[in-house]
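Enquirer: The file below is work-v1.cif, mmCIF, N, CA and C atoms:
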```
data_protein
loop_
_atom_site.group_PDB
_atom_site.id
_atom_site.type_symbol
_atom_site.label_atom_id
_atom_site.label_comp_id
_atom_site.auth_asym_id
_atom_site.auth_seq_id
_atom_site.Cartn_x
_atom_site.Cartn_y
_atom_site.Cartn_z
ATOM 1 N N MET A 1 0.848 -1.175 0.000
ATOM 2 C CA MET A 1 0.000 0.000 0.000
ATOM 3 C C MET A 1 0.895 1.240 0.000
ATOM 4 N N ARG A 2 0.452 2.236 -0.763
ATOM 5 C CA ARG A 2 1.183 3.492 -0.841
ATOM 6 C C ARG A 2 0.266 4.629 -0.421
ATOM 7 N N LYS A 3 0.843 5.800 -0.191
ATOM 8 C CA LYS A 3 0.052 6.969 0.201
ATOM 9 C C LYS A 3 -0.969 7.324 -0.872
ATOM 10 N N ILE A 4 -0.603 7.150 -2.116
ATOM 11 C CA ILE A 4 -1.519 7.486 -3.203
ATOM 12 C C ILE A 4 -2.759 6.604 -3.155
ATOM 13 N N ASP A 5 -2.618 5.370 -2.683
ATOM 14 C CA ASP A 5 -3.779 4.492 -2.544
ATOM 15 C C ASP A 5 -4.769 5.068 -1.543
ATOM 16 N N ILE A 6 -4.252 5.619 -0.456
ATOM 17 C CA ILE A 6 -5.116 6.240 0.549
ATOM 18 C C ILE A 6 -5.799 7.465 -0.039
ATOM 19 N N LEU A 7 -5.040 8.304 -0.727
ATOM 20 C CA LEU A 7 -5.611 9.509 -1.327
ATOM 21 C C LEU A 7 -6.683 9.169 -2.360
ATOM 22 N N ASN A 8 -6.419 8.172 -3.173
ATOM 23 C CA ASN A 8 -7.399 7.768 -4.181
ATOM 24 C C ASN A 8 -8.650 7.181 -3.549
ATOM 25 N N THR A 9 -8.496 6.516 -2.417
ATOM 26 C CA THR A 9 -9.644 5.957 -1.718
ATOM 27 C C THR A 9 -10.496 7.058 -1.107
ATOM 28 N N ILE A 10 -9.864 8.089 -0.575
ATOM 29 C CA ILE A 10 -10.608 9.187 0.044
ATOM 30 C C ILE A 10 -11.392 9.966 -0.995
ATOM 31 N N THR A 11 -10.780 10.260 -2.120
ATOM 32 C CA THR A 11 -11.433 11.158 -3.067
ATOM 33 C C THR A 11 -11.181 10.758 -4.510
ATOM 34 N N ASP A 12 -12.105 11.119 -5.349
ATOM 35 C CA ASP A 12 -11.961 11.014 -6.793
ATOM 36 C C ASP A 12 -12.202 12.428 -7.303
ATOM 37 N N PHE A 13 -11.172 13.109 -7.766
ATOM 38 C CA PHE A 13 -11.264 14.525 -8.106
ATOM 39 C C PHE A 13 -12.318 14.829 -9.157
ATOM 40 N N ARG A 14 -12.699 13.870 -9.960
ATOM 41 C CA ARG A 14 -13.731 14.121 -10.965
ATOM 42 C C ARG A 14 -15.133 13.887 -10.420
ATOM 43 N N LYS A 15 -15.298 12.863 -9.585
ATOM 44 C CA LYS A 15 -16.637 12.513 -9.101
ATOM 45 C C LYS A 15 -16.964 13.129 -7.748
ATOM 46 N N ALA A 16 -16.011 13.108 -6.826
ATOM 47 C CA ALA A 16 -16.285 13.597 -5.467
ATOM 48 C C ALA A 16 -15.037 14.270 -4.901
ATOM 49 N N PRO A 17 -14.715 15.478 -5.367
ATOM 50 C CA PRO A 17 -13.463 16.122 -4.962
ATOM 51 C C PRO A 17 -13.382 16.504 -3.490
ATOM 52 N N ASN A 18 -14.496 16.685 -2.820
ATOM 53 C CA ASN A 18 -14.470 17.086 -1.414
ATOM 54 C C ASN A 18 -14.975 15.986 -0.492
ATOM 55 N N ASP A 19 -14.856 14.755 -0.908
ATOM 56 C CA ASP A 19 -15.372 13.639 -0.127
ATOM 57 C C ASP A 19 -14.586 13.474 1.168
ATOM 58 N N ILE A 20 -15.268 12.989 2.181
ATOM 59 C CA ILE A 20 -14.679 12.757 3.502
ATOM 60 C C ILE A 20 -14.879 11.290 3.843
ATOM 61 N N LYS A 21 -13.830 10.632 4.327
ATOM 62 C CA LYS A 21 -13.910 9.215 4.674
ATOM 63 C C LYS A 21 -13.426 8.994 6.102
ATOM 64 N N THR A 22 -14.096 8.074 6.793
ATOM 65 C CA THR A 22 -13.678 7.680 8.136
ATOM 66 C C THR A 22 -12.634 6.576 8.016
ATOM 67 N N PRO A 23 -11.871 6.340 9.082
ATOM 68 C CA PRO A 23 -10.898 5.246 9.039
ATOM 69 C C PRO A 23 -11.552 3.891 8.743
ATOM 70 N N ALA A 24 -12.756 3.667 9.255
ATOM 71 C CA ALA A 24 -13.454 2.401 8.992
ATOM 72 C C ALA A 24 -13.754 2.241 7.507
ATOM 73 N N GLN A 25 -14.158 3.328 6.851
ATOM 74 C CA GLN A 25 -14.420 3.271 5.419
ATOM 75 C C GLN A 25 -13.139 2.998 4.640
ATOM 76 N N LEU A 26 -12.048 3.609 5.064
ATOM 77 C CA LEU A 26 -10.762 3.377 4.403
ATOM 78 C C LEU A 26 -10.324 1.926 4.570
ATOM 79 N N LEU A 27 -10.477 1.389 5.765
ATOM 80 C CA LEU A 27 -10.075 0.003 6.018
ATOM 81 C C LEU A 27 -10.920 -0.987 5.222
ATOM 82 N N SER A 28 -12.181 -0.676 5.014
ATOM 83 C CA SER A 28 -13.025 -1.594 4.250
ATOM 84 C C SER A 28 -12.547 -1.719 2.807
ATOM 85 N N VAL A 29 -11.931 -0.681 2.288
ATOM 86 C CA VAL A 29 -11.413 -0.710 0.920
ATOM 87 C C VAL A 29 -9.978 -1.228 0.879
ATOM 88 N N LEU A 30 -9.149 -0.743 1.796
ATOM 89 C CA LEU A 30 -7.721 -1.071 1.773
ATOM 90 C C LEU A 30 -7.402 -2.421 2.405
ATOM 91 N N GLY A 31 -8.250 -2.880 3.307
ATOM 92 C CA GLY A 31 -8.021 -4.166 3.973
ATOM 93 C C GLY A 31 -7.741 -3.983 5.452
ATOM 94 N N GLU A 32 -8.427 -4.770 6.250
ATOM 95 C CA GLU A 32 -8.305 -4.690 7.708
ATOM 96 C C GLU A 32 -6.880 -4.958 8.192
ATOM 97 N N ASP A 33 -6.144 -5.776 7.469
ATOM 98 C CA ASP A 33 -4.791 -6.136 7.879
ATOM 99 C C ASP A 33 -3.784 -4.996 7.730
ATOM 100 N N LYS A 34 -4.163 -3.923 7.083
ATOM 101 C CA LYS A 34 -3.236 -2.804 6.846
ATOM 102 C C LYS A 34 -3.506 -1.618 7.765
ATOM 103 N N GLU A 35 -4.175 -1.838 8.882
ATOM 104 C CA GLU A 35 -4.576 -0.742 9.757
ATOM 105 C C GLU A 35 -3.397 0.057 10.301
ATOM 106 N N SER A 36 -2.376 -0.605 10.816
ATOM 107 C CA SER A 36 -1.244 0.126 11.399
ATOM 108 C C SER A 36 -0.484 0.914 10.330
ATOM 109 N N GLN A 37 -0.312 0.322 9.173
ATOM 110 C CA GLN A 37 0.371 1.003 8.071
ATOM 111 C C GLN A 37 -0.454 2.204 7.606
ATOM 112 N N MET A 38 -1.772 2.053 7.542
ATOM 113 C CA MET A 38 -2.640 3.146 7.125
ATOM 114 C C MET A 38 -2.564 4.302 8.115
ATOM 115 N N LYS A 39 -2.563 3.993 9.405
ATOM 116 C CA LYS A 39 -2.494 5.042 10.425
ATOM 117 C C LYS A 39 -1.203 5.836 10.319
ATOM 118 N N GLU A 40 -0.089 5.142 10.091
ATOM 119 C CA GLU A 40 1.203 5.818 9.934
ATOM 120 C C GLU A 40 1.181 6.753 8.727
ATOM 121 N N MET A 41 0.672 6.251 7.615
ATOM 122 C CA MET A 41 0.642 7.064 6.397
ATOM 123 C C MET A 41 -0.315 8.240 6.532
ATOM 124 N N LEU A 42 -1.458 8.033 7.164
ATOM 125 C CA LEU A 42 -2.391 9.139 7.385
ATOM 126 C C LEU A 42 -1.764 10.212 8.261
ATOM 127 N N ALA A 43 -1.011 9.798 9.285
ATOM 128 C CA ALA A 43 -0.337 10.766 10.150
ATOM 129 C C ALA A 43 0.663 11.596 9.336
ATOM 130 N N GLU A 44 1.401 10.950 8.435
ATOM 131 C CA GLU A 44 2.340 11.672 7.571
ATOM 132 C C GLU A 44 1.609 12.630 6.642
ATOM 133 N N LEU A 45 0.502 12.185 6.069
ATOM 134 C CA LEU A 45 -0.258 13.035 5.156
ATOM 135 C C LEU A 45 -0.855 14.233 5.884
ATOM 136 N N VAL A 46 -1.298 14.046 7.117
ATOM 137 C CA VAL A 46 -1.821 15.161 7.908
ATOM 138 C C VAL A 46 -0.690 16.120 8.235
ATOM 139 N N ARG A 47 0.457 15.585 8.641
ATOM 140 C CA ARG A 47 1.611 16.416 8.973
ATOM 141 C C ARG A 47 2.085 17.230 7.765
ATOM 142 N N ASP A 48 2.024 16.624 6.586
ATOM 143 C CA ASP A 48 2.466 17.297 5.364
ATOM 144 C C ASP A 48 1.389 18.201 4.761
ATOM 145 N N ARG A 49 0.249 18.301 5.436
ATOM 146 C CA ARG A 49 -0.887 19.144 5.024
ATOM 147 C C ARG A 49 -1.453 18.764 3.661
ATOM 148 N N VAL A 50 -1.494 17.477 3.391
ATOM 149 C CA VAL A 50 -2.126 16.969 2.184
ATOM 150 C C VAL A 50 -3.553 16.546 2.514
ATOM 151 N N VAL A 51 -3.723 16.033 3.730
ATOM 152 C CA VAL A 51 -5.014 15.574 4.226
ATOM 153 C C VAL A 51 -5.289 16.303 5.527
ATOM 154 N N LYS A 52 -6.561 16.663 5.746
ATOM 155 C CA LYS A 52 -6.891 17.268 7.035
ATOM 156 C C LYS A 52 -7.807 16.329 7.808
ATOM 157 N N GLU A 53 -7.627 16.348 9.119
ATOM 158 C CA GLU A 53 -8.470 15.553 9.993
ATOM 159 C C GLU A 53 -9.714 16.360 10.312
ATOM 160 N N THR A 54 -10.863 15.749 10.152
ATOM 161 C CA THR A 54 -12.133 16.419 10.385
ATOM 162 C C THR A 54 -13.061 15.455 11.109
ATOM 163 N N GLU A 55 -14.336 15.781 11.156
ATOM 164 C CA GLU A 55 -15.294 14.933 11.850
ATOM 165 C C GLU A 55 -16.487 14.671 10.940
ATOM 166 N N LEU A 56 -16.964 13.433 10.947
ATOM 167 C CA LEU A 56 -18.120 13.040 10.148
ATOM 168 C C LEU A 56 -19.021 12.183 11.021
ATOM 169 N N ASN A 57 -20.199 12.685 11.316
ATOM 170 C CA ASN A 57 -21.158 11.975 12.169
ATOM 171 C C ASN A 57 -20.560 11.581 13.516
ATOM 172 N N GLY A 58 -19.774 12.465 14.100
ATOM 173 C CA GLY A 58 -19.185 12.224 15.406
ATOM 174 C C GLY A 58 -17.939 11.355 15.389
ATOM 175 N N GLU A 59 -17.484 10.941 14.222
ATOM 176 C CA GLU A 59 -16.286 10.116 14.098
ATOM 177 C C GLU A 59 -15.165 10.934 13.472
ATOM 178 N N LYS A 60 -13.929 10.535 13.782
ATOM 179 C CA LYS A 60 -12.772 11.143 13.125
ATOM 180 C C LYS A 60 -12.833 10.759 11.657
ATOM 181 N N ALA A 61 -12.516 11.708 10.788
ATOM 182 C CA ALA A 61 -12.546 11.447 9.349
ATOM 183 C C ALA A 61 -11.432 12.245 8.678
ATOM 184 N N TYR A 62 -11.215 11.973 7.406
ATOM 185 C CA TYR A 62 -10.136 12.617 6.666
ATOM 186 C C TYR A 62 -10.652 13.157 5.343
ATOM 187 N N GLN A 63 -10.077 14.305 4.935
ATOM 188 C CA GLN A 63 -10.429 14.939 3.670
ATOM 189 C C GLN A 63 -9.148 15.420 3.004
ATOM 190 N N VAL A 64 -9.023 15.196 1.708
ATOM 191 C CA VAL A 64 -7.863 15.652 0.948
ATOM 192 C C VAL A 64 -8.008 17.148 0.712
ATOM 193 N N ILE A 65 -6.946 17.906 1.047
ATOM 194 C CA ILE A 65 -7.001 19.366 0.880
ATOM 195 C C ILE A 65 -5.970 19.872 -0.125
ATOM 196 N N ALA A 66 -5.062 19.020 -0.581
ATOM 197 C CA ALA A 66 -4.048 19.424 -1.558
ATOM 198 C C ALA A 66 -3.952 18.347 -2.622
ATOM 199 N N ARG A 67 -3.624 18.753 -3.808
ATOM 200 C CA ARG A 67 -3.483 17.785 -4.898
ATOM 201 C C ARG A 67 -2.070 17.354 -5.043
#
```
Rewrite the structure of this file - the entire thing - as structure tokens.
Expert:
Amino acid sequence: MRKIDILNTITDFRKAPNDIKTPAQLLSVLGEDKESQMKEMLAELVRDRVVKETELNGEKAYQVIAR
């Protein structure tokens, strides 16, 4: 799994450019076995200001803010 896989899972710039996904939604696509790797990569993406942490229905969620 690469960071681009996470970004592509969160958003599709043509269909849903401002989509927000929860970690559970990301894991359902990327695979439950990749949870620790996904968390590390999400932390890097948040730190690099590519993804922002937000809230969706009371849960932590992520949204892509940079291309």
Enquirer: Based on the backbone DSSP call, show me all residues of chain A assigned strand (DSSP E or B), as a list of chain:residue names.
Expert: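 Residues of chain A classed as strand (DSSP E or B): A:Asp12, A:Ala16, A:Ile20, A:Lys21, A:Val51, A:Lys52, A:Glu53, A:Thr54, A:Glu55, A:Leu56, A:Glu59, A:Lys60, A:Ala61, A:Tyr62, A:Gln63, A:Val64.
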Enquirer: Could you give me the centre and size, in Å to one decimal, of an axis-aligned box around all listed atoms of range 40-45 of chain A with 8 Å added on every side, as AutoDock Vina command-line options?
Expert:
```
--center_x 0.0 --center_y 9.7 --center_z 7.7 --size_x 20.7 --size_y 25.1 --size_z 21.0
```
Enquirer: Restricting the calculation to only N, CA and C atoms: of A:Met38, A:Ile20, A:Ile4, A:Val64, which residue gets closest to Val51 in chain A?
Expert: A:Val64
Enquirer: When DSSP is applied to the backbone of this structure, which of range 9-42 of chain A are assigned alpha helix (DSSP H)? Write them out as JSON, numbers by chain.
Expert: {"A": [9, 10, 23, 24, 25, 26, 27, 28, 29, 30, 35, 36, 37, 38, 39, 40, 41, 42]}
Enquirer: Interatomic distance between atom N of Gln63 in chain A and atom C of Val46 in chain A?
Expert: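 Distance between the two atoms: 10.1 Å.
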Enquirer: Between CA of Ile6 in chain A and CA of Leu56 in chain A, what is the distance, to one decimal in Å?
Expert: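 Going from CA of Ile6 in chain A over to CA of Leu56 in chain A, I get 17.5 Å.
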Enquirer: In Å, with one decimal, what is the gap from CA of Pro17 in chain A to CA of Ser36 in chain A?
Expert: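 These two atoms are separated by 25.9 Å.
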Enquirer: Name the residues captured by the PyMOL selection byres ((chain A and resi 58-60) around 6.5) when it is applied to the shown file; answer as a PyMOL selection string.
Expert: chain A and resi 21-23+54-57+61-62
